[in-house]
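Source file: start-v9.cif (mmCIF, C-alpha atoms)
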```cif
data_work
loop_
_atom_site.label_atom_id
_atom_site.label_comp_id
_atom_site.auth_asym_id
_atom_site.auth_seq_id
_atom_site.Cartn_x
_atom_site.Cartn_y
_atom_site.Cartn_z
CA VAL A 6 56.36 35.38 52.71
CA SER A 7 53.37 36.76 54.59
CA PHE A 8 50.95 34.29 56.09
CA PHE A 9 48.24 36.15 54.16
CA ALA A 10 50.05 36.27 50.81
CA SER A 11 47.57 33.84 49.23
CA VAL A 12 44.51 35.90 50.22
CA GLU A 13 42.69 37.18 47.14
CA MET A 14 40.74 40.42 46.88
CA ALA A 15 37.04 39.76 47.57
CA PRO A 16 34.51 41.22 45.13
CA GLY A 17 32.91 44.42 46.34
CA ASP A 18 29.32 44.54 47.54
CA PRO A 19 27.26 45.91 44.62
CA ILE A 20 25.06 48.13 46.80
CA LEU A 21 27.74 49.44 49.15
CA GLY A 22 30.14 49.79 46.22
CA LEU A 23 27.62 51.96 44.40
CA THR A 24 27.38 54.21 47.46
CA GLU A 25 31.17 54.57 47.49
CA THR A 26 31.12 55.62 43.84
CA TYR A 27 28.30 58.06 44.57
CA LEU A 28 30.22 59.62 47.46
CA ALA A 29 33.30 60.05 45.26
CA ASP A 30 31.25 61.88 42.59
CA SER A 31 32.03 65.61 42.83
CA ARG A 32 29.11 66.76 40.67
CA PRO A 33 26.60 69.03 42.46
CA GLY A 34 23.02 67.82 42.66
CA LYS A 35 23.89 64.12 42.50
CA ILE A 36 21.10 61.77 43.60
CA ASN A 37 21.46 58.31 45.14
CA LEU A 38 18.53 55.99 44.36
CA GLY A 39 20.52 52.85 45.14
CA VAL A 40 20.63 53.26 48.90
CA GLY A 41 18.44 50.88 50.95
CA ILE A 42 17.30 53.36 53.56
CA TYR A 43 14.31 55.60 54.14
CA ILE A 44 15.07 59.26 53.53
CA ASP A 45 12.58 61.95 54.54
CA GLU A 46 11.35 64.93 52.52
CA GLN A 47 14.45 66.91 53.54
CA GLY A 48 16.79 64.14 52.37
CA ARG A 49 17.73 63.04 55.90
CA PHE A 50 17.39 59.99 58.11
CA PRO A 51 14.28 60.69 60.19
CA LEU A 52 14.60 60.77 63.96
CA LEU A 53 11.26 59.45 65.14
CA PRO A 54 9.85 61.53 68.03
CA SER A 55 8.60 58.40 69.80
CA VAL A 56 12.12 56.95 69.75
CA CYS A 57 13.68 60.25 70.83
CA GLU A 58 11.40 60.38 73.89
CA VAL A 59 12.57 56.95 75.03
CA GLU A 60 16.19 57.87 74.36
CA GLN A 61 15.93 61.00 76.48
CA ALA A 62 14.45 58.99 79.34
CA LEU A 63 17.26 56.44 79.08
CA ALA A 64 19.88 59.19 79.13
CA ALA A 65 18.29 60.76 82.21
CA ALA A 66 18.24 57.42 84.02
CA ALA A 67 21.92 56.73 83.22
CA LYS A 68 21.79 53.04 84.08
CA PRO A 69 24.89 50.81 84.20
CA ARG A 70 25.68 49.04 80.90
CA GLY A 71 26.19 45.41 81.67
CA TYR A 72 25.95 42.51 79.25
CA LEU A 73 22.54 41.37 78.07
CA PRO A 74 21.67 37.67 78.20
CA ILE A 75 22.81 35.67 75.17
CA ASP A 76 19.32 35.84 73.65
CA GLY A 77 18.95 39.53 74.42
CA MET A 78 16.53 41.68 76.37
CA PRO A 79 13.50 39.69 77.61
CA ALA A 80 11.02 42.57 77.21
CA TYR A 81 12.27 43.24 73.69
CA ASN A 82 11.83 39.60 72.72
CA ARG A 83 8.33 39.42 74.19
CA LEU A 84 7.22 42.63 72.45
CA THR A 85 8.79 41.49 69.18
CA GLN A 86 6.80 38.26 69.33
CA GLN A 87 3.60 40.23 69.81
CA LEU A 88 4.37 42.57 66.90
CA VAL A 89 5.31 39.75 64.53
CA PHE A 90 2.75 37.08 65.47
CA GLY A 91 0.02 39.22 67.03
CA ALA A 92 -0.55 39.84 70.74
CA GLY A 93 -3.26 37.19 70.89
CA SER A 94 -1.42 34.56 68.87
CA PRO A 95 -2.18 30.96 69.95
CA LEU A 96 1.46 30.14 69.14
CA LEU A 97 2.61 32.52 71.87
CA ALA A 98 0.04 31.22 74.33
CA ALA A 99 1.25 27.68 73.68
CA GLY A 100 4.90 28.67 74.14
CA ARG A 101 5.81 27.45 70.66
CA VAL A 102 7.94 30.45 69.62
CA ALA A 103 11.63 30.78 70.50
CA THR A 104 12.78 34.38 69.98
CA ALA A 105 16.20 35.96 70.38
CA GLN A 106 17.40 39.51 69.85
CA THR A 107 20.01 39.61 67.08
CA VAL A 108 22.49 42.01 65.52
CA GLY A 109 20.09 43.34 62.91
CA GLY A 110 18.04 41.31 60.49
CA SER A 111 21.25 40.10 58.85
CA GLY A 112 22.37 38.65 62.17
CA ALA A 113 19.05 36.83 62.46
CA LEU A 114 19.53 35.35 59.00
CA ARG A 115 23.05 34.16 59.77
CA VAL A 116 22.23 32.67 63.18
CA ALA A 117 19.30 30.82 61.64
CA ALA A 118 21.40 29.67 58.68
CA ASP A 119 24.07 28.19 60.95
CA LEU A 120 21.48 26.46 63.13
CA LEU A 121 19.47 25.09 60.20
CA LYS A 122 22.65 23.79 58.61
CA GLN A 123 23.36 21.82 61.79
CA VAL A 124 19.86 20.32 61.63
CA ALA A 125 19.84 19.55 57.90
CA GLY A 126 23.44 18.41 57.65
CA ALA A 127 25.25 17.91 54.36
CA GLY A 128 22.05 18.01 52.33
CA ALA A 129 20.98 21.50 53.44
CA LYS A 130 19.19 23.31 50.61
CA ILE A 131 17.44 26.65 50.42
CA ALA A 132 15.26 28.06 47.65
CA ILE A 133 15.50 31.83 47.17
CA SER A 134 13.30 33.98 44.93
CA ASN A 135 14.67 35.18 41.60
CA PRO A 136 15.55 37.96 42.19
CA SER A 137 16.17 38.54 45.89
CA TRP A 138 18.30 40.68 48.17
CA GLY A 139 21.89 39.80 47.27
CA ASN A 140 22.95 39.15 50.85
CA HIS A 141 20.48 36.26 51.12
CA HIS A 142 22.69 34.29 48.75
CA VAL A 143 25.88 35.28 50.54
CA VAL A 144 24.63 34.36 54.02
CA PHE A 145 23.28 30.93 53.16
CA ARG A 146 26.09 30.02 50.79
CA THR A 147 28.64 30.90 53.47
CA ALA A 148 26.72 28.76 55.97
CA GLY A 149 27.08 25.77 53.64
CA PHE A 150 23.66 25.61 51.97
CA GLU A 151 23.09 24.53 48.40
CA LEU A 152 21.30 27.48 46.78
CA LEU A 153 18.25 26.96 44.58
CA GLU A 154 16.06 29.57 42.92
CA TYR A 155 12.34 29.79 42.24
CA ARG A 156 10.63 32.06 39.75
CA TYR A 157 9.12 35.17 41.27
CA TYR A 158 9.28 38.32 39.14
CA ASP A 159 7.72 38.54 35.68
CA PRO A 160 9.53 41.24 33.63
CA ALA A 161 6.76 41.34 31.03
CA SER A 162 4.04 42.35 33.49
CA HIS A 163 6.36 43.93 36.07
CA GLY A 164 4.48 41.75 38.56
CA LEU A 165 4.47 38.34 40.18
CA ASP A 166 5.01 35.11 38.26
CA PHE A 167 2.87 33.21 40.74
CA ALA A 168 2.26 30.19 38.52
CA GLY A 169 6.00 29.83 37.92
CA MET A 170 6.66 30.25 41.64
CA LEU A 171 4.27 27.44 42.57
CA GLU A 172 5.59 25.20 39.82
CA ASP A 173 9.19 25.60 40.98
CA LEU A 174 8.39 25.16 44.66
CA GLY A 175 6.31 22.10 43.86
CA LYS A 176 9.42 20.36 42.56
CA LEU A 177 11.50 20.84 45.71
CA GLU A 178 12.52 17.95 47.91
CA PRO A 179 10.87 17.71 51.34
CA GLY A 180 12.94 19.47 53.99
CA THR A 181 14.13 22.23 51.65
CA VAL A 182 14.09 25.68 53.26
CA VAL A 183 12.08 28.24 51.29
CA LEU A 184 13.04 31.88 51.85
CA LEU A 185 10.07 34.24 51.56
CA HIS A 186 9.70 38.01 51.85
CA ALA A 187 6.87 38.96 54.19
CA CYS A 188 6.15 42.22 52.37
CA CYS A 189 7.86 44.97 50.34
CA HIS A 190 9.85 42.40 48.37
CA ASN A 191 13.44 43.50 47.93
CA PRO A 192 14.34 44.32 45.17
CA THR A 193 11.11 44.22 43.14
CA GLY A 194 8.42 45.71 45.39
CA VAL A 195 6.09 42.92 44.18
CA ASP A 196 4.18 41.15 46.97
CA LEU A 197 1.76 38.24 47.34
CA ASP A 198 -1.85 38.98 48.21
CA THR A 199 -3.76 37.09 50.91
CA ALA A 200 -5.21 34.49 48.54
CA GLN A 201 -1.78 33.82 47.08
CA TRP A 202 -0.30 33.42 50.55
CA GLN A 203 -2.98 30.87 51.37
CA GLN A 204 -2.31 28.91 48.20
CA LEU A 205 1.45 29.07 48.76
CA ILE A 206 1.17 27.88 52.37
CA ALA A 207 -0.96 24.91 51.31
CA LEU A 208 1.80 23.93 48.88
CA LEU A 209 4.52 24.34 51.50
CA GLN A 210 2.55 22.14 53.86
CA GLU A 211 1.84 19.50 51.23
CA ARG A 212 5.48 19.34 50.10
CA ARG A 213 6.82 19.42 53.70
CA LEU A 214 9.01 22.45 53.01
CA LEU A 215 10.34 24.74 55.77
CA PRO A 216 9.12 28.35 55.40
CA PHE A 217 11.66 31.03 56.34
CA VAL A 218 10.10 34.49 56.31
CA ASP A 219 12.35 37.56 56.15
CA MET A 220 10.43 40.61 57.41
CA ALA A 221 12.66 43.66 57.10
CA TYR A 222 9.97 46.20 56.18
CA GLN A 223 6.99 45.52 58.43
CA GLY A 224 4.69 48.53 58.27
CA PHE A 225 5.97 49.97 55.00
CA ALA A 226 3.37 48.35 52.70
CA GLN A 227 -0.06 48.55 54.37
CA GLY A 228 0.61 48.69 58.11
CA ALA A 229 2.28 46.56 60.77
CA ASP A 230 -0.51 44.01 61.16
CA VAL A 231 -1.46 43.68 57.49
CA ASP A 232 2.20 43.36 56.49
CA ALA A 233 2.50 40.35 58.79
CA THR A 234 -0.31 38.52 56.96
CA GLY A 235 2.01 35.79 55.66
CA VAL A 236 3.35 35.08 59.15
CA ARG A 237 -0.13 35.09 60.72
CA LEU A 238 -1.46 32.71 58.02
CA LEU A 239 1.49 30.38 58.57
CA ALA A 240 0.75 30.42 62.29
CA ALA A 241 -2.89 29.46 61.64
CA SER A 242 -2.13 26.84 59.01
CA GLY A 243 -1.12 23.95 61.21
CA ILE A 244 2.45 23.95 59.90
CA GLU A 245 4.45 22.81 62.88
CA ALA A 246 7.74 24.58 62.17
CA PHE A 247 8.80 27.80 60.46
CA VAL A 248 11.27 30.63 60.91
CA VAL A 249 10.94 34.43 60.95
CA ALA A 250 13.74 37.01 60.83
CA ASN A 251 12.71 40.62 61.43
CA SER A 252 14.43 43.98 61.57
CA TYR A 253 13.69 47.38 63.09
CA SER A 254 16.21 49.29 60.97
CA LYS A 255 13.60 50.81 58.67
CA SER A 256 10.47 50.91 60.80
CA PHE A 257 12.23 52.66 63.69
CA SER A 258 14.93 54.39 61.59
CA LEU A 259 17.58 52.69 63.73
CA TYR A 260 19.92 51.47 61.00
CA GLY A 261 23.23 51.82 62.81
CA GLU A 262 21.89 50.34 66.04
CA ARG A 263 21.56 46.93 64.32
CA VAL A 264 18.32 45.85 65.97
CA GLY A 265 16.69 42.63 64.78
CA ALA A 266 15.33 39.33 66.03
CA LEU A 267 15.09 35.67 65.12
CA SER A 268 11.95 33.66 65.91
CA MET A 269 11.74 29.91 65.38
CA VAL A 270 8.41 28.11 65.73
CA GLY A 271 8.41 24.57 67.07
CA ALA A 272 5.75 21.89 67.29
CA ASP A 273 5.25 22.41 71.03
CA ARG A 274 6.68 24.15 74.10
CA ASP A 275 9.41 21.55 74.59
CA GLU A 276 10.60 21.84 71.01
CA ALA A 277 10.66 25.63 71.26
CA ALA A 278 12.80 25.39 74.41
CA ARG A 279 15.26 23.14 72.60
CA LEU A 280 15.34 25.54 69.66
CA LEU A 281 16.07 28.47 71.96
CA SER A 282 18.95 26.54 73.54
CA LYS A 283 20.45 26.00 70.07
CA ILE A 284 19.88 29.62 69.08
CA LYS A 285 21.74 30.73 72.21
CA GLN A 286 24.56 28.27 71.54
CA THR A 287 24.93 29.61 68.01
CA ILE A 288 24.91 33.24 69.17
CA ARG A 289 27.44 32.49 71.92
CA ALA A 290 29.85 31.08 69.34
CA ASN A 291 29.37 34.13 67.12
CA TYR A 292 29.04 37.45 69.01
CA SER A 293 28.17 36.20 72.53
CA SER A 294 25.31 38.64 73.19
CA PRO A 295 23.63 41.61 71.47
CA SER A 296 23.88 45.29 72.31
CA THR A 297 21.62 47.15 74.70
CA HIS A 298 20.76 50.58 73.36
CA GLY A 299 18.74 49.86 70.22
CA ALA A 300 16.73 47.14 71.92
CA SER A 301 15.98 49.49 74.82
CA LEU A 302 14.61 52.06 72.36
CA VAL A 303 12.36 49.56 70.59
CA ALA A 304 11.14 47.99 73.83
CA GLY A 305 10.47 51.43 75.30
CA VAL A 306 8.26 52.39 72.38
CA LEU A 307 6.43 49.08 71.94
CA GLY A 308 5.95 48.68 75.70
CA SER A 309 4.09 51.99 76.04
CA THR A 310 0.51 52.24 74.79
CA GLU A 311 0.93 55.96 74.07
CA LEU A 312 4.32 55.67 72.36
CA ARG A 313 3.27 52.59 70.41
CA ALA A 314 0.33 54.54 68.95
CA ARG A 315 2.58 57.49 68.17
CA TRP A 316 5.13 55.22 66.46
CA GLU A 317 2.42 53.65 64.31
CA GLN A 318 1.38 57.15 63.25
CA GLU A 319 4.99 58.04 62.40
CA LEU A 320 5.38 54.79 60.49
CA GLY A 321 2.16 55.59 58.63
CA GLU A 322 3.54 58.98 57.64
CA MET A 323 6.66 57.36 56.18
CA ARG A 324 4.51 54.83 54.34
CA SER A 325 2.20 57.54 52.98
CA ARG A 326 5.15 59.59 51.73
CA ILE A 327 6.47 56.59 49.80
CA HIS A 328 3.02 56.04 48.24
CA ALA A 329 2.92 59.73 47.28
CA MET A 330 6.36 59.56 45.70
CA ARG A 331 5.34 56.51 43.67
CA ALA A 332 2.21 58.23 42.40
CA GLY A 333 4.03 61.49 41.68
CA PHE A 334 6.82 59.70 39.82
CA VAL A 335 4.35 57.80 37.64
CA ASP A 336 2.35 60.96 36.89
CA LYS A 337 5.41 62.99 35.95
CA LEU A 338 6.77 60.24 33.69
CA ALA A 339 3.40 60.03 31.93
CA ALA A 340 3.32 63.80 31.46
CA LEU A 341 6.77 63.62 29.87
CA GLY A 342 5.60 61.01 27.37
CA ALA A 343 7.71 58.21 28.83
CA PRO A 344 6.69 54.55 28.38
CA ASP A 345 4.05 53.32 30.83
CA PHE A 346 5.46 53.15 34.37
CA GLY A 347 2.07 52.63 36.03
CA PHE A 348 3.25 49.33 37.50
CA ILE A 349 5.29 51.31 40.03
CA ASN A 350 2.01 52.18 41.79
CA ARG A 351 1.20 48.48 42.13
CA GLN A 352 4.48 47.73 43.89
CA ALA A 353 5.00 48.16 47.62
CA GLY A 354 7.66 49.34 50.02
CA MET A 355 10.85 51.27 49.57
CA PHE A 356 11.98 49.66 46.33
CA SER A 357 10.83 49.39 42.75
CA TYR A 358 12.06 47.29 39.89
CA SER A 359 11.90 50.15 37.40
CA GLY A 360 12.37 48.06 34.27
CA LEU A 361 15.40 50.16 33.29
CA SER A 362 18.17 48.21 31.60
CA LYS A 363 21.79 48.20 32.75
CA ALA A 364 22.69 50.50 29.87
CA GLN A 365 19.94 52.95 30.84
CA VAL A 366 21.05 52.87 34.48
CA HIS A 367 24.60 53.68 33.41
CA ARG A 368 23.31 56.60 31.33
CA LEU A 369 21.51 57.93 34.40
CA ARG A 370 24.77 57.72 36.32
CA ASP A 371 27.09 59.10 33.65
CA GLU A 372 24.89 61.82 32.16
CA TYR A 373 22.68 62.88 35.06
CA ALA A 374 24.58 61.91 38.26
CA ILE A 375 21.62 59.74 39.32
CA TYR A 376 22.65 56.45 40.87
CA ALA A 377 20.62 53.23 40.74
CA LEU A 378 21.53 49.54 40.82
CA ASP A 379 22.43 47.84 37.56
CA SER A 380 19.33 45.67 37.96
CA GLY A 381 17.17 48.78 37.62
CA ARG A 382 16.13 48.74 41.28
CA ILE A 383 15.50 52.20 42.63
CA CYS A 384 14.76 53.31 46.17
CA VAL A 385 11.47 55.21 45.92
CA ALA A 386 11.97 56.45 49.48
CA ALA A 387 14.95 58.49 48.25
CA LEU A 388 12.65 60.61 46.09
CA ASN A 389 11.29 63.92 47.39
CA ARG A 390 9.63 67.03 46.05
CA SER A 391 12.97 68.69 45.30
CA ASN A 392 14.38 65.89 43.16
CA LEU A 393 11.26 64.25 41.71
CA ASP A 394 11.15 66.42 38.57
CA ILE A 395 14.87 65.92 37.98
CA VAL A 396 14.70 62.14 38.30
CA ALA A 397 11.55 61.85 36.20
CA ALA A 398 13.05 63.94 33.40
CA ALA A 399 16.24 61.87 33.41
CA VAL A 400 14.39 58.54 33.44
CA ALA A 401 12.13 59.74 30.61
CA ALA A 402 15.19 60.76 28.62
CA VAL A 403 17.01 57.43 28.95
CA SER A 404 13.89 55.30 28.47
CA GLY A 405 12.47 57.09 25.45
#
```

Give the structure from this file in structure tokens form.
Amino acid sequence: VSFFASVEMAPGDPILGLTETYLADSRPGKINLGVGIYIDEQGRFPLLPSVCEVEQALAAAAKPRGYLPIDGMPAYNRLTQQLVFGAGSPLLAAGRVATAQTVGGSGALRVAADLLKQVAGAGAKIAISNPSWGNHHVVFRTAGFELLEYRYYDPASHGLDFAGMLEDLGKLEPGTVVLLHACCHNPTGVDLDTAQWQQLIALLQERRLLPFVDMAYQGFAQGADVDATGVRLLAASGIEAFVVANSYSKSFSLYGERVGALSMVGADRDEAARLLSKIKQTIRANYSSPSTHGASLVAGVLGSTELRARWEQELGEMRSRIHAMRAGFVDKLAALGAPDFGFINRQAGMFSYSGLSKAQVHRLRDEYAIYALDSGRICVAALNRSNLDIVAAAVAAVSG
């Protein structure tokens, strides 16, 4: 009998599984709206010119490829701190932020989950928005957390159930971790405004809850600085401890390079140093140290005044295209006599909770070769001028 005979088949990932089904579909003109990546007007991953310039310089230099430190490239970590918290952040000046390069944003989540579980012990609990990115549940459940949910999305208004959110968070025990999306909420596209962030932070502070901000889409809503509003307000609030995971997959179009970072804020410089030691210990026990290339690309762009400005322009072009696709989609649906989809223009980022039911999503897939998640989440960034009419006509047909 094999040692592994008792191993059961694990359930497939719903998003990656949908992509596999899409790839196996032989129908011409098929469209994948389930993918969580930014696709340009030509239906391709964009290669950002600012990133390409750094890559060419790295190739010309042909440096040896030794191991990075456990916590990654120092310049990358410093520049990440400035992008996330602001270059003039008092937290950085006070040395209160411990930052480590990680294997993507997912790696940041897992390293933080393992470390926080050590701190919280058997009673570790985390509250996650309903709905949220599915991997949030997987990461923290696997790390040993008890998972709780708080209300977030209101299906009736296709917007935020802020009153329900505050009510649920107000019932949590002190010490509970609260997972928050900085911007471009995945999967709904529904974000908090500045006033709501301020009210939320006051509640977190009053209830002594630990904020954990996941920032995977910085720059895709209103710009890099504005999209970090929640983090900046937390930093100014007087809350002594919070956590930020960020990713460069989308903003630099570096998906396969797996470039992310974990930042943990402590009460003072000494606490931050102790946090960094624990982050490094956790990374060492997991993957030992991160990879070099992606971090070199990000650091090369962010460390150059000229390239940083060019990158922000390129990021703005991606953001503007998404806004244009939202507006065009809404206009075409209205022209076709579909129910009101105007809420899509009020959402932000790559994703939209379309309001389509599971049955309607399956009709899109079966009858029109258009793939979306069963939840009705669609990737607006996968729309372009060549498929917008097709998708709008299909959605109008199944929603009428």

Query raised in the report: For this file, the PyMOL selection byres ((chain A and resi 345-357) around 10) selects which residues, as an NGL selection string?
Result: :A and (38-44 or 162-164 or 188-196 or 222-227 or 255 or 323-324 or 327-339 or 342-344 or 358-360 or 381-387)

Nearby residues, (7.1, 23.8, 53.9) file frame, 10 Å, all atoms listed in the file, as a JSON list (two decimals) with C-alpha atoms, keeping the file's coordinate frame:
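Result written to point.json:
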```
[["chain", "number", "residue", "atom", "x", "y", "z"],
["A", 174, "LEU", "CA", 8.39, 25.16, 44.66],
["A", 177, "LEU", "CA", 11.50, 20.84, 45.71],
["A", 178, "GLU", "CA", 12.52, 17.95, 47.91],
["A", 179, "PRO", "CA", 10.87, 17.71, 51.34],
["A", 180, "GLY", "CA", 12.94, 19.47, 53.99],
["A", 181, "THR", "CA", 14.13, 22.23, 51.65],
["A", 182, "VAL", "CA", 14.09, 25.68, 53.26],
["A", 183, "VAL", "CA", 12.08, 28.24, 51.29],
["A", 205, "LEU", "CA", 1.45, 29.07, 48.76],
["A", 206, "ILE", "CA", 1.17, 27.88, 52.37],
["A", 207, "ALA", "CA", -0.96, 24.91, 51.31],
["A", 208, "LEU", "CA", 1.80, 23.93, 48.88],
["A", 209, "LEU", "CA", 4.52, 24.34, 51.50],
["A", 210, "GLN", "CA", 2.55, 22.14, 53.86],
["A", 211, "GLU", "CA", 1.84, 19.50, 51.23],
["A", 212, "ARG", "CA", 5.48, 19.34, 50.10],
["A", 213, "ARG", "CA", 6.82, 19.42, 53.70],
["A", 214, "LEU", "CA", 9.01, 22.45, 53.01],
["A", 215, "LEU", "CA", 10.34, 24.74, 55.77],
["A", 216, "PRO", "CA", 9.12, 28.35, 55.40],
["A", 217, "PHE", "CA", 11.66, 31.03, 56.34],
["A", 239, "LEU", "CA", 1.49, 30.38, 58.57],
["A", 244, "ILE", "CA", 2.45, 23.95, 59.90],
["A", 245, "GLU", "CA", 4.45, 22.81, 62.88],
["A", 246, "ALA", "CA", 7.74, 24.58, 62.17],
["A", 247, "PHE", "CA", 8.80, 27.80, 60.46]]
```

Report task. Mind listing whatever residues come within 9 Å of the point (25.1, 54.8, 43.5)? Use only C-alpha atoms, file coordinates, and give them as a PyMOL selection string. Result -> chain A and resi 20-28+36-40+370+374-378

**Report entry** Target residues per the PyMOL selection byres ((chain A and resi 144) around 10), formatted as a PyMOL selection string
**Finding:** chain A and resi 111-112+114-119+139-143+145-150

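For the set A:Val12, A:Phe257, A:Gln204, A:Leu238, the residue with the smallest atom-to-atom gap to Gly305 (chain A) is A:Phe257, counting all atoms listed in the file.
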
Query raised in the report: What do you get, as a PyMOL selection string, if you spell out every residue that the PyMOL selection byres ((chain A and resi 292) around 12) selects here?
Result: chain A and resi 72-77+106-108+112-113+115-116+285-291+293-296

Query raised in the report: Closest to Tyr155 (chain A) among A:Lys68, A:Arg274, A:Lys122, A:Lys176, using all atoms listed in the file?
Result: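 Once distances to Tyr155 (chain A) are computed over all atoms listed in the file, the minimum belongs to A:Lys176.
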
Requested in this report: For each of A:Val400, A:Gly299, A:Arg70, A:Leu361, take the minimum atom-to-atom distance to Tyr373 (chain A), counting all atoms listed in the file, then give the residue where this is smallest.
Outcome: A:Val400

**Report entry** Computed interatomic separation between CA of Gly265 (chain A) and CA of Ala80 (chain A) (Å)
**Finding:** 13.7 Å

Query raised in the report: Suppose you want the space between CA of Ala62 (chain A) and CA of Phe50 (chain A); what is it in Å?
Result: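 Rounded to one decimal, the two atoms are 21.5 Å apart.
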
Report task. Figure out the distance between CA of Tyr81 (chain A) and CA of Val303 (chain A), please, to one decimal in Å. Result ->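 CA of Tyr81 (chain A) lies 7.0 Å from CA of Val303 (chain A).
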
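Between Leu302 (chain A) and the residues A:Ser258, A:Gln318, A:Ser268, A:Ser282, the shortest atom-to-atom distance, using only C-alpha atoms, involves A:Ser258.
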
Report task. Find the residues near Asp275 (chain A): any atom within 12 Å, counting only C-alpha atoms, skip ones fewer than 5 places away on the same chain, and give them as a ChimeraX atom specification. Result -> /A:99-103,270,280-282
